[in-house]
Amino acid sequence: MSKDLRLPFYWPHVKDDTRGTSPGECLRCKGLKLLCGKAECPLLTQYRVRAGVNKMLSKDICDASPPGIFVGWKGYPKVQMGPMVSIGDLHGYDPHLLDDPGRWYGSGIEDIITYRSSLIRSKQRLEVNSARDPGYKLKEFQELVLSIKPVDVEMLFSKIPKFHILFSPMSEPMPPSAPLEKFSLEGTPSIPVSVDKIHSDTDLNAKDALYELHTKGYDEYYLTKILSAGTLGTGKKRRLVPTRWSITAVDDILGKKLIEEIRDLPSVDEYLVFEK
């Protein structure tokens with residue numbers, strides 16, 4: 001496939017997702033006509049942001065993890081998973097912000113792409129059932145994701161991480177990624193006693209664990225990560241959960257519990273307006 005001189009990337013490296021904008025439509029548009037209906041071209045914005053990030057990428061990274069983790073779904077039940085690491089104070093952001101969508105309210109598309117592009121996603125193939133009896137490396141991944149504060153980590157990749165552009169209205173901008181060869185915790189994870197107690201309780205099912213943590217004030221983004229990493233549930237049923245499934249599961253479990261609670265509450269007999 002030939003290179004289009006008016007586009008800042010080679011199309012063979014672009015991943016197509018049939019649920020969203022197609023590469024063909026983008027080739028016709030070239031970021032000028034905005035055929036996708038967006039206010040600005042996401043692909044050109046991604047390229048502009050990522051041009052600076054590429055200069056910082058290397059095979060050996062030692063920096064803070066938000067903490068964050070990503071579990072893919074392709075190849076299930078043997079999936080790609082791995083922790084994320086920030087890229088050396090690239091934009092001066094708090095590492096925790098980079099993987100905390102709850103704090104992105106009011107941010108523009110370029111800000112969000114910058115947050116996501118300032119992380120590196122590591123990848124390693126693991127069986128989902130390995131969470132039942134995790135090895136040393138998976139235990140380190142789990143300790144990392146249970147932390148409520150950024151943790152310093154060191155990662156060695158088999159090759160320099162690179163970006164892939166994904167055509168999908170459902171997917172958030174993805175950070176650069178690469179296969180993980182070595183991983184080590186360089187800092188001490190900050191795991192609350194209440195979280196550690198529930199994680200250690202292998203007789204407590206995942207639904208009750210999620211609801212109990214929610215009542216203690218932990219938000220759905222944190223709960224999604226720790227469920228995805230296989231840290232909750234009864235011992236024999238613990239498993240790694242692909243991130244997109246984990247998001248749905250947490251929303252469903254908490255939603256059903258909250259609906260039960262509000263059914264008997266008094267009705268509101270007046271119009272109320274809320275603003276944020």
# chains A, B, ... in the order shown; residues from 1 in each chain; ligands from 1
>>> closest_atom_pairs(of="range 21-97 of chain A", to="range 150-166 of chain A", cutoff="9 Å", atoms="only C-alpha atoms", output="CSV")
residue,atom,partner,partner_atom,distance
A:Leu43,CA,A:Ile165,CA,7.4
A:Gln46,CA,A:Ile165,CA,8.2
A:Arg50,CA,A:Phe163,CA,8.2
A:Asn54,CA,A:Lys162,CA,7.7
A:Leu57,CA,A:Ile160,CA,6.5
A:Ser58,CA,A:Ile160,CA,5.1
A:Lys59,CA,A:Ile160,CA,4.8
A:Asp60,CA,A:Leu156,CA,4.6
A:Ile61,CA,A:Met155,CA,5.3
A:Cys62,CA,A:Glu154,CA,4.2
A:Asp63,CA,A:Asp152,CA,5.3
A:Ala64,CA,A:Asp152,CA,4.1
A:Ser65,CA,A:Val151,CA,5.3
A:Pro66,CA,A:Pro150,CA,4.6
A:Pro67,CA,A:Pro150,CA,5.2
A:Gly68,CA,A:Pro150,CA,8.9
A:Val85,CA,A:Val153,CA,7.4
A:Asp94,CA,A:Pro150,CA,8.8
A:Pro95,CA,A:Pro150,CA,6.5
A:His96,CA,A:Pro150,CA,6.1
>>> write_last_selection(atoms="N, CA and C atoms", output="mmCIF file, in the first residue's frame")
data_model
loop_
_atom_site.group_PDB
_atom_site.id
_atom_site.type_symbol
_atom_site.label_atom_id
_atom_site.label_comp_id
_atom_site.auth_asym_id
_atom_site.auth_seq_id
_atom_site.Cartn_x
_atom_site.Cartn_y
_atom_site.Cartn_z
ATOM 1 N N LEU A 43 -7.469 11.546 14.534
ATOM 2 C CA LEU A 43 -6.227 10.949 14.058
ATOM 3 C C LEU A 43 -5.102 11.977 13.971
ATOM 4 N N GLN A 46 -4.081 12.861 17.455
ATOM 5 C CA GLN A 46 -3.236 11.812 18.016
ATOM 6 C C GLN A 46 -1.816 11.916 17.463
ATOM 7 N N ARG A 50 1.446 12.517 19.697
ATOM 8 C CA ARG A 50 2.347 11.375 19.796
ATOM 9 C C ARG A 50 3.717 11.612 19.178
ATOM 10 N N ASN A 54 7.033 9.846 20.974
ATOM 11 C CA ASN A 54 7.897 8.847 20.342
ATOM 12 C C ASN A 54 9.369 9.047 20.678
ATOM 13 N N LEU A 57 10.368 7.156 23.972
ATOM 14 C CA LEU A 57 10.152 5.718 24.112
ATOM 15 C C LEU A 57 11.461 4.940 24.011
ATOM 16 N N SER A 58 11.611 3.948 24.880
ATOM 17 C CA SER A 58 12.788 3.082 24.843
ATOM 18 C C SER A 58 12.408 1.708 25.381
ATOM 19 N N LYS A 59 13.331 0.762 25.307
ATOM 20 C CA LYS A 59 13.044 -0.600 25.758
ATOM 21 C C LYS A 59 13.085 -0.724 27.278
ATOM 22 N N ASP A 60 13.760 0.182 27.947
ATOM 23 C CA ASP A 60 13.906 0.116 29.406
ATOM 24 C C ASP A 60 13.324 1.384 30.026
ATOM 25 N N ILE A 61 12.263 1.229 30.800
ATOM 26 C CA ILE A 61 11.589 2.369 31.426
ATOM 27 C C ILE A 61 11.543 2.166 32.936
ATOM 28 N N CYS A 62 11.971 3.161 33.675
ATOM 29 C CA CYS A 62 11.866 3.143 35.136
ATOM 30 C C CYS A 62 11.168 4.424 35.563
ATOM 31 N N ASP A 63 9.910 4.301 35.954
ATOM 32 C CA ASP A 63 9.125 5.477 36.310
ATOM 33 C C ASP A 63 7.910 5.031 37.119
ATOM 34 N N ALA A 64 6.959 5.953 37.312
ATOM 35 C CA ALA A 64 5.792 5.670 38.150
ATOM 36 C C ALA A 64 4.649 5.064 37.343
ATOM 37 N N SER A 65 3.987 4.082 37.932
ATOM 38 C CA SER A 65 2.742 3.545 37.378
ATOM 39 C C SER A 65 1.603 4.252 38.092
ATOM 40 N N PRO A 66 0.490 4.602 37.383
ATOM 41 C CA PRO A 66 -0.578 5.449 37.979
ATOM 42 C C PRO A 66 -1.153 5.031 39.329
ATOM 43 N N PRO A 67 -1.383 3.794 39.729
ATOM 44 C CA PRO A 67 -1.114 2.531 39.052
ATOM 45 C C PRO A 67 -2.208 2.179 38.049
ATOM 46 N N GLY A 68 -1.840 1.403 37.047
ATOM 47 C CA GLY A 68 -2.815 1.009 36.048
ATOM 48 C C GLY A 68 -2.458 -0.334 35.456
ATOM 49 N N VAL A 85 2.958 2.173 32.721
ATOM 50 C CA VAL A 85 3.957 3.030 33.350
ATOM 51 C C VAL A 85 3.945 4.381 32.650
ATOM 52 N N ASP A 94 0.478 14.639 37.113
ATOM 53 C CA ASP A 94 0.435 13.661 38.188
ATOM 54 C C ASP A 94 0.176 12.299 37.544
ATOM 55 N N PRO A 95 1.023 11.284 37.780
ATOM 56 C CA PRO A 95 0.829 9.978 37.145
ATOM 57 C C PRO A 95 -0.568 9.398 37.374
ATOM 58 N N HIS A 96 -1.157 9.681 38.539
ATOM 59 C CA HIS A 96 -2.475 9.133 38.850
ATOM 60 C C HIS A 96 -3.537 9.658 37.887
#
>>> residues_around(residues="range 237-242 of chain A", least_positions_apart="2", cutoff="8 Å", atoms="only C-alpha atoms", output="CSV table (one decimal) with N, CA and C atoms, in the first residue's frame")
chain,number,residue,atom,x,y,z
A,70,PHE,N,-3.9,-3.2,32.2
A,70,PHE,CA,-4.9,-3.4,31.1
A,70,PHE,C,-4.9,-4.9,30.7
A,71,VAL,N,-6.1,-5.5,30.6
A,71,VAL,CA,-6.3,-6.9,30.3
A,71,VAL,C,-7.1,-6.9,29.0
A,72,GLY,N,-6.5,-7.5,27.9
A,72,GLY,CA,-7.2,-7.6,26.6
A,72,GLY,C,-8.1,-8.8,26.6
A,73,TRP,N,-8.9,-8.9,25.6
A,73,TRP,CA,-9.9,-10.0,25.4
A,73,TRP,C,-9.6,-10.9,24.3
A,79,VAL,N,-5.0,-14.4,27.6
A,79,VAL,CA,-5.1,-13.0,27.2
A,79,VAL,C,-3.8,-12.2,27.4
A,127,GLU,N,-2.9,-17.1,31.2
A,127,GLU,CA,-4.2,-17.8,31.3
A,127,GLU,C,-5.1,-17.0,32.3
A,128,VAL,N,-6.4,-16.8,32.0
A,128,VAL,CA,-7.2,-16.1,33.0
A,128,VAL,C,-7.3,-16.8,34.3
A,129,ASN,N,-7.2,-18.1,34.3
A,129,ASN,CA,-7.4,-18.9,35.6
A,129,ASN,C,-6.1,-18.8,36.4
A,130,SER,N,-5.0,-18.2,35.9
A,130,SER,CA,-3.8,-18.1,36.7
A,130,SER,C,-4.0,-17.3,37.9
A,131,ALA,N,-5.1,-16.5,38.0
A,131,ALA,CA,-5.3,-15.7,39.2
A,131,ALA,C,-5.7,-16.5,40.4
A,132,ARG,N,-6.1,-17.8,40.1
A,132,ARG,CA,-6.5,-18.7,41.3
A,132,ARG,C,-5.2,-19.0,42.1
A,227,LEU,N,-10.8,-5.7,39.9
A,227,LEU,CA,-11.5,-6.9,39.4
A,227,LEU,C,-10.8,-7.5,38.2
A,228,SER,N,-10.4,-6.7,37.3
A,228,SER,CA,-9.7,-7.1,36.1
A,228,SER,C,-8.5,-7.9,36.4
A,229,ALA,N,-7.8,-7.5,37.5
A,229,ALA,CA,-6.5,-8.1,37.8
A,229,ALA,C,-6.7,-9.4,38.6
A,230,GLY,N,-7.9,-9.9,38.8
A,230,GLY,CA,-8.2,-11.1,39.5
A,230,GLY,C,-7.9,-11.1,40.9
A,231,THR,N,-8.2,-10.0,41.6
A,231,THR,CA,-7.8,-9.9,43.0
A,231,THR,C,-9.1,-10.1,43.9
A,232,LEU,N,-10.2,-10.3,43.3
A,232,LEU,CA,-11.5,-10.4,44.1
A,232,LEU,C,-12.2,-11.8,43.8
A,233,GLY,N,-13.0,-12.2,44.7
A,233,GLY,CA,-13.8,-13.4,44.5
A,233,GLY,C,-13.3,-14.6,45.4
A,234,THR,N,-14.1,-15.6,45.4
A,234,THR,CA,-13.7,-16.8,46.1
A,234,THR,C,-12.5,-17.4,45.4
A,235,GLY,N,-11.6,-18.1,46.2
A,235,GLY,CA,-10.4,-18.6,45.7
A,235,GLY,C,-10.4,-19.3,44.4
A,244,ARG,N,-12.6,-4.5,29.2
A,244,ARG,CA,-13.9,-4.0,28.7
A,244,ARG,C,-15.0,-4.8,29.4
A,245,TRP,N,-14.8,-6.1,29.7
A,245,TRP,CA,-15.8,-6.9,30.5
A,245,TRP,C,-15.9,-6.5,31.9
A,246,SER,N,-14.7,-6.1,32.5
A,246,SER,CA,-14.7,-5.7,33.9
A,246,SER,C,-15.5,-4.4,34.1
>>> atom_distance(atom1="CA of Ile112 in chain A", atom2="CA of Pro176 in chain A")
14.5 Å
>>> closest_atom_pairs(of="range 33-145 of chain A", to="range 205-219 of chain A", cutoff="12 Å", atoms="only C-alpha atoms", output="tab-separated table")
residue	atom	partner	partner_atom	distance
A:Asp100	CA	A:Asp219	CA	10.1
A:Pro101	CA	A:Asp219	CA	10.8
A:Gly102	CA	A:Asp219	CA	8.6
A:Arg103	CA	A:Asp219	CA	11.4
>>> atom_distance(atom1="CA of Glu25 in chain A", atom2="CA of Leu119 in chain A")
28.8 Å
>>> select_by_dssp(residues="range 74-262 of chain A", states="helix (DSSP H, G or I)", output="PyMOL selection string")
chain A and resi 95-99+101-103+109-117+128-132+136-146+193-200+206-215+220-228+235-237+243-262
